[in-house]
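> See entry_12.csv below, with CSV, C-alpha atoms.
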chain,number,residue,atom,x,y,z
A,25,MET,CA,-64.4,-0.7,-5.4
A,26,LEU,CA,-61.9,-2.4,-3.1
A,27,LEU,CA,-61.7,-5.3,-5.6
A,28,LYS,CA,-60.8,-2.9,-8.4
A,29,ILE,CA,-58.1,-1.2,-6.3
A,30,GLY,CA,-56.8,-4.6,-5.4
A,31,LEU,CA,-56.6,-5.6,-9.1
A,32,VAL,CA,-54.8,-2.4,-10.0
A,33,VAL,CA,-52.2,-3.0,-7.2
A,34,ILE,CA,-51.7,-6.5,-8.4
A,35,GLY,CA,-51.3,-5.3,-12.0
A,36,VAL,CA,-48.7,-2.7,-11.0
A,37,VAL,CA,-46.7,-5.3,-9.0
A,38,ILE,CA,-46.8,-7.7,-12.0
A,39,LEU,CA,-45.7,-5.0,-14.3
A,40,TYR,CA,-42.8,-4.0,-12.0
A,41,VAL,CA,-41.7,-7.6,-11.8
A,42,VAL,CA,-41.8,-8.0,-15.6
A,43,VAL,CA,-39.8,-4.8,-16.1
A,44,GLN,CA,-37.2,-5.9,-13.6
A,45,VAL,CA,-36.8,-9.3,-15.2
A,46,LEU,CA,-36.5,-7.7,-18.7
A,47,LEU,CA,-33.9,-5.2,-17.3
A,48,TYR,CA,-32.0,-8.0,-15.7
A,49,LYS,CA,-31.9,-10.1,-18.9
A,50,ARG,CA,-30.7,-7.0,-20.8
A,51,ASP,CA,-27.9,-6.4,-18.3
A,52,MET,CA,-26.8,-10.0,-18.4
A,53,LYS,CA,-26.0,-9.5,-22.1
A,54,LYS,CA,-23.6,-6.6,-21.4
A,55,THR,CA,-19.9,-6.9,-22.4
A,56,LYS,CA,-16.6,-5.4,-21.6
A,57,GLU,CA,-17.6,-2.5,-23.9
A,58,ASP,CA,-20.5,-1.7,-21.5
A,59,LEU,CA,-18.1,-1.8,-18.6
A,60,LEU,CA,-15.9,0.7,-20.4
A,61,THR,CA,-18.9,2.9,-20.8
A,62,PHE,CA,-19.8,2.4,-17.1
A,63,VAL,CA,-16.2,3.4,-16.1
A,64,THR,CA,-16.5,6.6,-18.2
A,65,LYS,CA,-19.8,7.6,-16.6
A,66,ASN,CA,-18.8,6.8,-13.0
A,67,LYS,CA,-15.3,8.2,-12.7
A,68,LYS,CA,-15.6,9.0,-9.0
A,69,GLU,CA,-16.3,5.3,-8.3
A,70,VAL,CA,-13.3,4.1,-10.2
A,71,SER,CA,-9.6,3.8,-9.4
A,72,VAL,CA,-7.0,2.7,-11.9
A,73,THR,CA,-3.2,2.6,-12.2
A,74,ILE,CA,-1.4,1.3,-15.3
A,75,ILE,CA,2.3,0.9,-15.6
A,76,GLU,CA,3.8,0.1,-19.0
A,77,ASN,CA,7.4,-1.0,-18.8
A,78,ASP,CA,8.7,1.6,-16.4
A,79,ASP,CA,6.3,4.4,-17.2
A,80,VAL,CA,3.1,5.1,-15.3
A,81,VAL,CA,0.6,5.8,-18.1
A,82,LEU,CA,-2.5,6.2,-16.0
A,83,GLU,CA,-3.2,7.2,-12.4
A,84,TRP,CA,-6.9,7.8,-11.8
A,85,ASN,CA,-7.9,8.1,-8.1
A,86,ALA,CA,-4.8,6.0,-7.6
A,87,ASP,CA,-4.5,6.7,-3.9
A,88,GLN,CA,-8.1,6.2,-3.1
A,89,LYS,CA,-8.4,3.4,-0.6
A,90,THR,CA,-10.9,0.7,-1.4
A,91,PRO,CA,-11.9,-2.6,0.2
A,92,LEU,CA,-9.8,-5.3,-1.5
A,93,ALA,CA,-12.0,-8.4,-1.2
A,94,SER,CA,-10.1,-11.4,-2.5
A,95,THR,CA,-7.3,-9.4,-4.2
A,96,MET,CA,-5.7,-9.3,-0.8
A,97,LYS,CA,-4.9,-13.0,-1.2
A,98,LEU,CA,-1.9,-11.9,-3.3
A,99,MET,CA,-0.3,-10.8,0.0
A,100,VAL,CA,-0.9,-14.2,1.6
A,101,LEU,CA,0.6,-15.9,-1.5
A,102,PHE,CA,3.6,-13.6,-1.4
A,103,HIS,CA,4.3,-14.7,2.2
A,104,PHE,CA,3.5,-18.3,1.4
A,105,VAL,CA,6.1,-18.4,-1.4
A,106,LYS,CA,8.7,-16.8,0.9
A,107,ALA,CA,8.0,-19.4,3.6
A,108,VAL,CA,8.5,-22.2,1.1
A,109,SER,CA,11.7,-20.6,-0.2
A,110,SER,CA,13.1,-20.3,3.4
A,111,GLY,CA,12.2,-23.9,4.2
A,112,ASP,CA,9.6,-23.0,6.9
A,113,ILE,CA,6.9,-25.0,5.2
A,114,LYS,CA,7.0,-27.7,2.5
A,115,LEU,CA,4.7,-27.8,-0.6
A,116,ASP,CA,4.0,-31.5,-0.2
A,117,GLU,CA,3.1,-31.3,3.5
A,118,LYS,CA,-0.3,-32.9,3.9
A,119,VAL,CA,-3.3,-31.1,5.5
A,120,THR,CA,-6.4,-32.8,6.8
A,121,LEU,CA,-9.4,-31.4,5.0
A,122,SER,CA,-11.3,-31.2,8.3
A,123,ASP,CA,-8.8,-28.7,9.5
A,124,ILE,CA,-9.5,-26.5,6.5
A,125,GLU,CA,-13.3,-27.0,6.9
A,126,ARG,CA,-13.1,-25.2,10.3
A,127,PHE,CA,-12.9,-22.0,8.4
A,128,TYR,CA,-15.6,-22.8,5.9
A,129,ILE,CA,-19.0,-21.2,6.1
A,130,ASP,CA,-21.6,-22.7,3.9
A,131,ARG,CA,-23.1,-20.6,1.1
A,132,THR,CA,-20.9,-17.5,1.6
A,133,ASP,CA,-18.2,-17.8,-1.0
A,134,GLY,CA,-20.0,-18.2,-4.3
A,135,GLY,CA,-19.3,-22.0,-4.3
A,136,ALA,CA,-15.5,-21.5,-4.5
A,137,HIS,CA,-14.5,-23.9,-1.8
A,138,THR,CA,-17.0,-26.6,-2.8
A,139,TYR,CA,-15.7,-26.3,-6.4
A,140,TRP,CA,-12.1,-26.7,-5.3
A,141,LEU,CA,-13.0,-29.9,-3.5
A,142,GLU,CA,-15.0,-31.3,-6.4
A,143,VAL,CA,-12.4,-30.6,-9.1
A,144,ASN,CA,-9.6,-32.2,-7.0
A,145,ASP,CA,-11.6,-35.1,-5.6
A,146,PHE,CA,-9.5,-35.3,-2.5
A,147,SER,CA,-10.0,-38.2,-0.1
A,148,GLU,CA,-9.1,-36.9,3.4
A,149,HIS,CA,-6.0,-34.8,2.8
A,150,ALA,CA,-4.6,-32.1,0.5
A,151,THR,CA,-1.1,-30.8,0.2
A,152,LEU,CA,-0.1,-27.2,1.1
A,153,LEU,CA,0.4,-26.7,-2.7
A,154,ASP,CA,-3.2,-27.8,-3.2
A,155,VAL,CA,-4.4,-25.4,-0.5
A,156,ALA,CA,-2.5,-22.5,-2.0
A,157,LYS,CA,-4.0,-23.2,-5.4
A,158,GLY,CA,-7.4,-23.4,-3.7
A,159,MET,CA,-6.8,-19.9,-2.4
A,160,MET,CA,-5.7,-18.3,-5.6
A,161,GLN,CA,-7.2,-20.3,-8.5
A,162,PHE,CA,-10.5,-21.1,-6.9
A,163,SER,CA,-10.6,-18.2,-4.4
A,164,SER,CA,-11.5,-20.4,-1.4
A,165,ASN,CA,-11.8,-18.2,1.7
A,166,ALA,CA,-11.4,-21.3,3.9
A,167,CYS,CA,-8.1,-22.2,2.2
A,168,THR,CA,-7.0,-18.6,2.7
A,169,ASP,CA,-7.8,-18.5,6.4
A,170,TYR,CA,-6.1,-21.9,6.9
A,171,LEU,CA,-2.9,-20.5,5.4
A,172,ILE,CA,-3.2,-17.2,7.4
A,173,ASP,CA,-3.4,-19.3,10.5
A,174,LEU,CA,-0.5,-21.5,9.4
A,175,LEU,CA,1.8,-18.7,8.3
A,176,ASP,CA,0.9,-16.4,11.3
A,177,LEU,CA,-1.1,-13.2,10.6
A,178,GLU,CA,1.4,-11.0,12.4
A,179,LYS,CA,4.3,-12.3,10.3
A,180,ILE,CA,2.3,-11.8,7.1
A,181,ASN,CA,1.6,-8.1,8.1
A,182,ASP,CA,5.2,-7.6,9.1
A,183,GLN,CA,6.5,-8.8,5.8
A,184,MET,CA,4.0,-6.6,4.0
A,185,LYS,CA,5.4,-3.6,5.8
A,186,GLN,CA,9.0,-4.7,5.0
A,187,ALA,CA,8.0,-4.9,1.4
A,188,GLY,CA,7.1,-1.2,1.6
A,189,LEU,CA,3.3,-1.3,1.2
A,190,THR,CA,2.7,1.8,3.3
A,191,GLU,CA,-0.8,2.4,2.0
A,192,HIS,CA,-2.1,-1.0,2.8
A,193,ASP,CA,-4.3,-1.9,5.8
A,194,GLU,CA,-3.3,-4.8,8.0
A,195,LEU,CA,-4.6,-8.1,6.7
A,196,MET,CA,-7.3,-9.9,8.7
A,197,PRO,CA,-8.8,-13.4,8.3
A,198,LEU,CA,-11.7,-13.4,5.8
A,199,THR,CA,-14.3,-15.7,7.3
A,200,PRO,CA,-14.8,-14.5,10.9
A,201,LYS,CA,-16.6,-11.3,9.8
A,202,LEU,CA,-19.4,-13.4,8.3
A,203,LEU,CA,-20.2,-14.7,11.8
A,204,TRP,CA,-20.0,-11.3,13.4
A,205,SER,CA,-23.7,-10.5,13.2
A,206,SER,CA,-24.7,-13.8,14.8
A,207,TYR,CA,-21.9,-13.4,17.4
A,208,VAL,CA,-23.4,-10.1,18.7
A,209,SER,CA,-27.1,-10.5,18.3
A,210,ASN,CA,-30.2,-12.6,17.4
A,211,HIS,CA,-31.8,-9.8,15.3
A,212,ARG,CA,-30.6,-8.0,12.2
A,213,ARG,CA,-31.5,-4.5,13.3
A,214,ASP,CA,-29.8,-4.9,16.7
A,215,ALA,CA,-26.8,-6.6,15.1
A,216,LEU,CA,-26.4,-3.7,12.6
A,217,LYS,CA,-26.5,-1.2,15.4
A,218,LYS,CA,-23.9,-3.0,17.5
A,219,MET,CA,-21.6,-3.6,14.5
A,220,SER,CA,-21.8,0.0,13.3
A,221,GLY,CA,-20.3,1.5,16.4
A,222,VAL,CA,-17.1,-0.5,16.8
A,223,THR,CA,-13.7,1.1,16.4
A,224,ASP,CA,-11.0,-0.4,14.3
A,225,GLU,CA,-9.2,-1.9,17.4
A,226,GLN,CA,-12.5,-3.3,18.6
A,227,TYR,CA,-13.2,-4.8,15.2
A,228,LYS,CA,-9.7,-6.4,15.1
A,229,SER,CA,-10.2,-7.9,18.6
A,230,LEU,CA,-13.7,-9.3,17.6
A,231,MET,CA,-12.3,-10.9,14.5
A,232,ILE,CA,-9.6,-12.6,16.4
A,233,GLU,CA,-12.1,-13.9,19.0
A,234,ILE,CA,-14.4,-15.3,16.3
A,235,PHE,CA,-11.4,-16.7,14.4
A,236,ASN,CA,-10.3,-18.6,17.5
A,237,ILE,CA,-13.9,-20.0,17.9
A,238,MET,CA,-13.8,-21.2,14.4
A,239,LYS,CA,-10.4,-22.8,14.9
A,240,ASN,CA,-10.9,-24.4,18.4
A,241,ASN,CA,-14.7,-24.7,19.1
A,242,PRO,CA,-16.5,-26.4,16.3
A,243,GLU,CA,-19.8,-26.7,18.2
A,244,GLN,CA,-20.0,-23.0,18.9
A,245,LYS,CA,-19.0,-22.2,15.3
A,246,LYS,CA,-21.8,-24.4,14.1
A,247,ALA,CA,-24.3,-22.7,16.4
A,248,LEU,CA,-23.3,-19.3,15.1
A,249,GLU,CA,-23.5,-20.5,11.5
A,250,GLU,CA,-26.9,-22.0,12.0
A,251,LYS,CA,-28.2,-18.8,13.7
A,252,LEU,CA,-26.7,-16.7,10.8
A,253,MET,CA,-28.9,-18.6,8.3
A,254,LYS,CA,-32.0,-19.1,10.4
A,255,LYS,CA,-32.2,-15.4,11.5
A,256,ASN,CA,-31.1,-14.1,8.1
A,257,LEU,CA,-28.3,-12.0,9.7
A,258,LEU,CA,-26.6,-11.2,6.4
A,259,SER,CA,-28.9,-8.4,5.2
A,260,LEU,CA,-27.8,-6.1,2.4
A,261,ARG,CA,-27.0,-3.3,4.9
A,262,ILE,CA,-24.9,-5.7,7.0
A,263,GLN,CA,-23.1,-7.0,3.9
A,264,SER,CA,-22.3,-3.4,2.9
A,265,LEU,CA,-20.9,-2.7,6.4
A,266,LEU,CA,-18.8,-5.9,6.2
A,267,THR,CA,-17.4,-4.8,2.9
A,268,GLN,CA,-16.3,-1.5,4.4
A,269,LYS,CA,-14.5,-3.3,7.2
A,270,MET,CA,-12.4,-5.3,4.8
A,271,THR,CA,-8.7,-4.7,4.4
A,272,LYS,CA,-8.2,-1.7,2.1
A,273,SER,CA,-5.5,-0.5,-0.2
A,274,THR,CA,-5.0,1.5,-3.4
A,275,THR,CA,-4.5,0.7,-7.1
A,276,ASN,CA,-1.2,2.6,-6.9
A,277,GLN,CA,0.1,0.1,-4.3
A,278,TYR,CA,-1.1,-3.0,-6.2
A,279,ALA,CA,0.0,-2.0,-9.7
A,280,HIS,CA,3.5,-1.3,-8.3
A,281,LEU,CA,3.4,-4.4,-6.2
A,282,MET,CA,2.8,-6.6,-9.2
A,283,LYS,CA,5.7,-5.1,-11.0
A,284,ARG,CA,8.0,-5.2,-8.0
A,285,LEU,CA,7.2,-8.9,-7.5
A,286,GLN,CA,8.9,-9.5,-10.9
A,287,ASP,CA,11.6,-6.9,-10.6
A,288,GLU,CA,12.9,-7.2,-7.1
A,289,LEU,CA,10.7,-9.0,-4.5
A,290,LEU,CA,10.9,-12.6,-5.8
A,291,THR,CA,13.8,-14.7,-6.9
A,292,THR,CA,13.7,-16.6,-10.1
A,293,GLU,CA,12.7,-19.8,-8.3
A,294,GLU,CA,10.1,-17.9,-6.2
A,295,LYS,CA,8.6,-16.4,-9.4
A,296,SER,CA,8.3,-19.9,-10.9
A,297,LEU,CA,6.4,-21.1,-7.8
A,298,PHE,CA,4.3,-17.9,-7.7
A,299,SER,CA,3.3,-18.5,-11.4
A,300,GLN,CA,2.4,-22.1,-10.6
A,301,ILE,CA,-0.1,-21.0,-7.9
A,302,VAL,CA,-1.5,-17.7,-9.0
A,303,LEU,CA,-4.3,-17.5,-11.6
A,304,GLY,CA,-2.9,-16.7,-15.0
A,305,GLU,CA,-1.1,-19.7,-16.5
A,306,THR,CA,-4.1,-20.9,-18.4
A,307,PHE,CA,-4.4,-17.4,-20.0
A,308,LYS,CA,-0.8,-17.1,-21.1
A,309,LYS,CA,0.1,-16.8,-24.8
A,310,GLU,CA,3.4,-18.2,-26.2
A,311,THR,CA,4.9,-14.8,-26.0
A,312,ASP,CA,4.2,-14.3,-22.3
A,313,GLN,CA,6.9,-15.0,-19.7
A,314,TYR,CA,4.6,-14.2,-16.9
A,315,LEU,CA,0.9,-13.6,-16.5
A,316,TRP,CA,-0.3,-13.1,-12.9
A,317,TYR,CA,-3.8,-12.2,-12.0
A,318,LYS,CA,-6.1,-11.9,-9.0
A,319,GLY,CA,-9.5,-10.4,-8.7
A,320,GLY,CA,-11.9,-9.9,-5.9
A,321,ALA,CA,-15.5,-8.9,-5.5
A,322,THR,CA,-18.4,-8.3,-3.1
A,323,LEU,CA,-21.8,-7.0,-4.0
A,324,PHE,CA,-20.3,-3.5,-3.6
A,325,VAL,CA,-16.7,-3.6,-4.9
A,326,PHE,CA,-14.7,-5.1,-7.7
A,327,THR,CA,-10.9,-5.2,-7.5
A,328,ALA,CA,-8.1,-6.7,-9.5
A,329,ALA,CA,-4.4,-6.6,-10.0
A,330,LEU,CA,-2.6,-8.0,-13.1
A,331,TYR,CA,0.9,-8.3,-14.3
A,332,ARG,CA,2.0,-9.4,-17.8
A,333,ARG,CA,5.5,-9.7,-19.1
A,334,THR,CA,6.7,-10.7,-22.6
A,335,ASP,CA,10.2,-10.8,-24.1
A,336,THR,CA,10.0,-7.1,-25.0
A,337,SER,CA,7.6,-5.4,-22.6
A,338,SER,CA,5.6,-5.5,-19.4
A,339,ILE,CA,2.3,-4.2,-18.2
A,340,SER,CA,1.0,-3.8,-14.7
A,341,ILE,CA,-2.7,-2.9,-14.1
A,342,SER,CA,-4.8,-2.5,-11.0
A,343,LEU,CA,-8.5,-1.5,-11.3
A,344,PHE,CA,-11.0,-1.0,-8.4
A,345,ILE,CA,-14.7,-0.2,-8.9
A,346,ASN,CA,-17.1,0.8,-6.2
A,347,ASP,CA,-20.8,0.1,-6.7
A,348,PRO,CA,-22.1,1.4,-3.3
A,349,LYS,CA,-25.8,0.6,-4.0
A,350,ALA,CA,-25.0,-2.8,-5.7
A,351,ASN,CA,-27.1,-1.8,-8.7
A,352,ASN,CA,-24.6,-3.2,-11.2
A,353,SER,CA,-22.8,-6.0,-9.5
A,354,HIS,CA,-25.0,-8.6,-11.2
A,355,TRP,CA,-23.6,-7.9,-14.6
A,356,ILE,CA,-20.1,-6.4,-13.8
A,357,GLU,CA,-19.2,-9.8,-12.3
A,358,GLY,CA,-19.6,-11.5,-15.6
A,359,VAL,CA,-17.4,-9.2,-17.6
A,360,PHE,CA,-14.8,-7.9,-15.1
A,361,ASN,CA,-12.1,-10.5,-15.6
A,362,GLU,CA,-12.4,-10.3,-19.4
A,363,PHE,CA,-12.1,-6.5,-19.1
A,364,MET,CA,-8.9,-6.8,-17.2
A,365,LEU,CA,-7.3,-9.4,-19.5
A,366,THR,CA,-8.3,-7.4,-22.6
A,367,ALA,CA,-6.7,-4.2,-21.1
A,368,ALA,CA,-3.5,-6.2,-20.5
A,369,VAL,CA,-3.2,-7.7,-24.0
A,370,ASP,CA,-5.0,-5.2,-26.3
A,371,GLN,CA,-3.1,-1.9,-26.5
A,372,ASN,CA,-6.0,-0.2,-28.4
A,373,PHE,CA,-8.5,-1.2,-25.7
A,374,ARG,CA,-6.1,-0.1,-23.0
A,375,GLN,CA,-5.6,3.3,-24.7
A,376,ARG,CA,-9.4,3.7,-24.8
A,377,LEU,CA,-9.5,3.1,-21.1
A,378,VAL,CA,-6.9,5.8,-20.5
A,379,GLN,CA,-8.7,8.3,-22.8
A,380,ALA,CA,-12.0,7.5,-21.1
A,381,LEU,CA,-10.7,8.7,-17.8
A,382,THR,CA,-8.4,11.5,-18.8
A,383,THR,CA,-10.5,13.4,-21.4
What's the structure tokens form of this structure?

Amino acid sequence: MLLKIGLVVIGVVILYVVVQVLLYKRDMKKTKEDLLTFVTKNKKEVSVTIIENDDVVLEWNADQKTPLASTMKLMVLFHFVKAVSSGDIKLDEKVTLSDIERFYIDRTDGGAHTYWLEVNDFSEHATLLDVAKGMMQFSSNACTDYLIDLLDLEKINDQMKQAGLTEHDELMPLTPKLLWSSYVSNHRRDALKKMSGVTDEQYKSLMIEIFNIMKNNPEQKKALEEKLMKKNLLSLRIQSLLTQKMTKSTTNQYAHLMKRLQDELLTTEEKSLFSQIVLGETFKKETDQYLWYKGGATLFVFTAALYRRTDTSSISISLFINDPKANNSHWIEGVFNEFMLTAAVDQNFRQRLVQALTT
């Protein structure tokens, strides 16, 4: 009898695994059309702002604050370009790779930092221009935190306020939060309990503490990193909490920011440098003057801001999607960028997006 029950249980488990594999394979074949359907069916989890020329053609949950993930790197780049323009830093200034590695945590950035190193085949140094491209074109978090440290976090946040981004949380370094759980405990459940109760001010203080450890105490940083992996202190619930602690803003802010960068916030020379660094040059068509794009993602959110300008028109789009249970992140990741680019260049597709949310 027990043998029969055991065989039934094994059979159910095998069937479940097979079904999950088949569903996964089906999902991985999904396209931008499926994402449009997803947006239509999950309107509460979506925020979109679209500006065509000077007209706002879509505001859907436009003031709903969402964790930005890597989209916040646009603000770091904005300050970087201004610092170059003012002469505070030089693009050809050399940076020792080991100084950047202080902010790298293995297996936590989807391979972005490693890919940046492989593509460029550096010896021991990179220029600040290389580091900025690492941040924007490869989305290296280590490059980002190196630049945040170089440019001074307080100055970046001050300039953001001066630029009028009133619905934008203060920026924080990206990598310290990944060591937070190992900094406060040796056990996942205890770590989650301690992390869940902190105030915003306590969180900010903790992130600065860990950031300084990463910068100045490589042995302690290594110990925290090793404990993180050995104790498996990045559970799904902890990752969800970390996402919610990220810098937040709205699609309203980012759609208008992208347009204002072209219209008023950057000089002609600064726009040229911004274009050189930000992702977009490889997607440009002959008719495009500018194409600026940055996306970001965790298991629970997808965010992006895009600006495209031709001789006759401009389009600014910001789209944020929440996936609070991470049920769809495995396939949204593969089509999200294409969705954004198509919405920017294909007026029919863009109109279908507008209609999907307004009818």
> Quick one: distance from atom CA of A:Thr90 to atom CA of A:Glu125 in Å, one decimal?
29.0 Å
> Env of A:His103: 8 Å cut, atoms = all atoms listed in the file, seq-sep filter 4 positions within chain, self excluded. Answer as a PDB file with C-alpha atoms, in the coordinates of the input.

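Output file out03.pdb is given in full below:
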ATOM      1  CA  MET A  99      -0.300 -10.800   0.000  1.00  0.00           C
ATOM      2  CA  ALA A 107       8.000 -19.400   3.600  1.00  0.00           C
ATOM      3  CA  LEU A 175       1.800 -18.700   8.300  1.00  0.00           C
ATOM      4  CA  ILE A 180       2.300 -11.800   7.100  1.00  0.00           C
ATOM      5  CA  GLN A 183       6.500  -8.800   5.800  1.00  0.00           C
TER       6      GLN A 183
END
> Need to verify the contact set: A:Asp145, 12 Å, only C-alpha atoms, exclusion of same-chain residues closer than 6 positions in sequence. Can you return it as an NGL selection string?
:A and (121 or 138-139 or 154)
> For the residues in that selection, give me C-alpha atoms as a CSV table (one decimal), in the frame of the given file.

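part25.csv written:
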chain,number,residue,atom,x,y,z
A,121,LEU,CA,-9.4,-31.4,5.0
A,138,THR,CA,-17.0,-26.6,-2.8
A,139,TYR,CA,-15.7,-26.3,-6.4
A,154,ASP,CA,-3.2,-27.8,-3.2
> If you measure from atom CA of A:Leu174 to atom CA of A:Ile301, what distance in Å do you get, rounded to one decimal?
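Interatomic distance here is 17.3 Å.
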> Around the point (-4.6, -26.1, -1.4), in the coordinates given by the file, pick out the residues reaching within 10 Å, counting all atoms listed in the file, and return them as a VMD selection string.
chain A and resid 115 118 to 119 121 124 140 to 141 144 149 to 162 164 166 to 168 170 to 171 301
> A:Gly358, A:Pro242, A:Pro200, A:Gly304: which is nearest A:Met52, counting all atoms listed in the file?
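That would be A:Gly358, the residue with the smallest distance to A:Met52.
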> Would you compute the distance between atom CA of A:Glu76 and atom CA of A:Gln300? Give it in Å to one decimal.
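Taking atom CA of A:Glu76 and atom CA of A:Gln300, their separation equals 23.8 Å.
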> Please produce, as a tab-separated table, a per-residue contact table for stretch 249-324 of chain A versus stretch 212-234 of chain A (criterion: any atom at most 12 Å away, only C-alpha atoms considered), showing the nearest atom pair and its distance in Å to one decimal, sorted by chain then residue number.

residue	atom	partner	partner_atom	distance
A:Glu249	CA	A:Ile234	CA	11.5
A:Lys251	CA	A:Arg212	CA	11.2
A:Leu252	CA	A:Arg212	CA	9.6
A:Met253	CA	A:Arg212	CA	11.4
A:Lys254	CA	A:Arg212	CA	11.3
A:Lys255	CA	A:Arg212	CA	7.6
A:Asn256	CA	A:Arg212	CA	7.4
A:Leu257	CA	A:Arg212	CA	5.2
A:Leu258	CA	A:Arg212	CA	7.7
A:Ser259	CA	A:Arg212	CA	7.2
A:Leu260	CA	A:Arg212	CA	10.4
A:Arg261	CA	A:Leu216	CA	7.7
A:Ile262	CA	A:Leu216	CA	6.1
A:Gln263	CA	A:Leu216	CA	9.9
A:Ser264	CA	A:Leu216	CA	10.5
A:Leu265	CA	A:Ser220	CA	7.5
A:Leu266	CA	A:Met219	CA	9.1
A:Gln268	CA	A:Ser220	CA	10.6
A:Lys269	CA	A:Tyr227	CA	8.2
A:Met270	CA	A:Tyr227	CA	10.4
A:Thr271	CA	A:Lys228	CA	10.9
> Restricting the output to C-alpha atoms, write the selected residues as a short mmCIF file (atom, residue, chain, number, x, y, z; two decimals), in the frame of the given file.

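Okay, again-v4.cif is ready:
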data_model
loop_
_atom_site.label_atom_id
_atom_site.label_comp_id
_atom_site.auth_asym_id
_atom_site.auth_seq_id
_atom_site.Cartn_x
_atom_site.Cartn_y
_atom_site.Cartn_z
CA GLU A 249 -23.50 -20.50 11.50
CA LYS A 251 -28.20 -18.80 13.70
CA LEU A 252 -26.70 -16.70 10.80
CA MET A 253 -28.90 -18.60 8.30
CA LYS A 254 -32.00 -19.10 10.40
CA LYS A 255 -32.20 -15.40 11.50
CA ASN A 256 -31.10 -14.10 8.10
CA LEU A 257 -28.30 -12.00 9.70
CA LEU A 258 -26.60 -11.20 6.40
CA SER A 259 -28.90 -8.40 5.20
CA LEU A 260 -27.80 -6.10 2.40
CA ARG A 261 -27.00 -3.30 4.90
CA ILE A 262 -24.90 -5.70 7.00
CA GLN A 263 -23.10 -7.00 3.90
CA SER A 264 -22.30 -3.40 2.90
CA LEU A 265 -20.90 -2.70 6.40
CA LEU A 266 -18.80 -5.90 6.20
CA GLN A 268 -16.30 -1.50 4.40
CA LYS A 269 -14.50 -3.30 7.20
CA MET A 270 -12.40 -5.30 4.80
CA THR A 271 -8.70 -4.70 4.40
#
> Between A:Gln313, A:Asn361, A:Ser71, A:Asn276, which residue has the minimum interatomic distance to A:Arg333, considering all atoms listed in the file?
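Smallest distance to A:Arg333 is found for A:Gln313.
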> For each of A:Lys65, A:Lys97, A:Lys246, A:Lys53, take the minimum atom-to-atom distance to A:Tyr317, counting all atoms listed in the file, then give the residue where this is smallest.
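Ranked by minimum distance to A:Tyr317, first place goes to A:Lys97.
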> Could you give me, as a Markdown table, a per-residue list for stretch 173-199 of chain A showing, wherever an atom lies at most 12 Å from an atom of stretch 286-295 of chain A, the closest pair of atoms and their distance in Å to one decimal, using only C-alpha atoms and sorting by chain then residue number from low to high?

| residue | atom | partner | partner_atom | distance |
| --- | --- | --- | --- | --- |
| A:Gln183 | CA | A:Leu289 | CA | 11.1 |
| A:Met184 | CA | A:Leu289 | CA | 11.1 |
| A:Gln186 | CA | A:Leu289 | CA | 10.6 |
| A:Ala187 | CA | A:Leu289 | CA | 7.7 |
| A:Gly188 | CA | A:Leu289 | CA | 10.5 |
> Keeping C-alpha atoms, export the residues of the selection given above as a CSV table (one decimal), in the frame of the given file.

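Output (again10.csv):
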chain,number,residue,atom,x,y,z
A,183,GLN,CA,6.5,-8.8,5.8
A,184,MET,CA,4.0,-6.6,4.0
A,186,GLN,CA,9.0,-4.7,5.0
A,187,ALA,CA,8.0,-4.9,1.4
A,188,GLY,CA,7.1,-1.2,1.6
> Using all atoms listed in the file - which residues lie no farther than 12 Å from the point (-1.1, -1.5, -11.4) in the file's frame? Write them as a CSV table (one decimal) with C-alpha atoms, in the coordinates of the input.

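This went into part-v1.csv:
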chain,number,residue,atom,x,y,z
A,71,SER,CA,-9.6,3.8,-9.4
A,72,VAL,CA,-7.0,2.7,-11.9
A,73,THR,CA,-3.2,2.6,-12.2
A,74,ILE,CA,-1.4,1.3,-15.3
A,75,ILE,CA,2.3,0.9,-15.6
A,76,GLU,CA,3.8,0.1,-19.0
A,77,ASN,CA,7.4,-1.0,-18.8
A,78,ASP,CA,8.7,1.6,-16.4
A,79,ASP,CA,6.3,4.4,-17.2
A,80,VAL,CA,3.1,5.1,-15.3
A,81,VAL,CA,0.6,5.8,-18.1
A,82,LEU,CA,-2.5,6.2,-16.0
A,83,GLU,CA,-3.2,7.2,-12.4
A,84,TRP,CA,-6.9,7.8,-11.8
A,86,ALA,CA,-4.8,6.0,-7.6
A,87,ASP,CA,-4.5,6.7,-3.9
A,274,THR,CA,-5.0,1.5,-3.4
A,275,THR,CA,-4.5,0.7,-7.1
A,276,ASN,CA,-1.2,2.6,-6.9
A,277,GLN,CA,0.1,0.1,-4.3
A,278,TYR,CA,-1.1,-3.0,-6.2
A,279,ALA,CA,0.0,-2.0,-9.7
A,280,HIS,CA,3.5,-1.3,-8.3
A,281,LEU,CA,3.4,-4.4,-6.2
A,282,MET,CA,2.8,-6.6,-9.2
A,283,LYS,CA,5.7,-5.1,-11.0
A,284,ARG,CA,8.0,-5.2,-8.0
A,285,LEU,CA,7.2,-8.9,-7.5
A,316,TRP,CA,-0.3,-13.1,-12.9
A,317,TYR,CA,-3.8,-12.2,-12.0
A,318,LYS,CA,-6.1,-11.9,-9.0
A,327,THR,CA,-10.9,-5.2,-7.5
A,328,ALA,CA,-8.1,-6.7,-9.5
A,329,ALA,CA,-4.4,-6.6,-10.0
A,330,LEU,CA,-2.6,-8.0,-13.1
A,331,TYR,CA,0.9,-8.3,-14.3
A,332,ARG,CA,2.0,-9.4,-17.8
A,338,SER,CA,5.6,-5.5,-19.4
A,339,ILE,CA,2.3,-4.2,-18.2
A,340,SER,CA,1.0,-3.8,-14.7
A,341,ILE,CA,-2.7,-2.9,-14.1
A,342,SER,CA,-4.8,-2.5,-11.0
A,343,LEU,CA,-8.5,-1.5,-11.3
A,344,PHE,CA,-11.0,-1.0,-8.4
A,364,MET,CA,-8.9,-6.8,-17.2
A,367,ALA,CA,-6.7,-4.2,-21.1
A,368,ALA,CA,-3.5,-6.2,-20.5
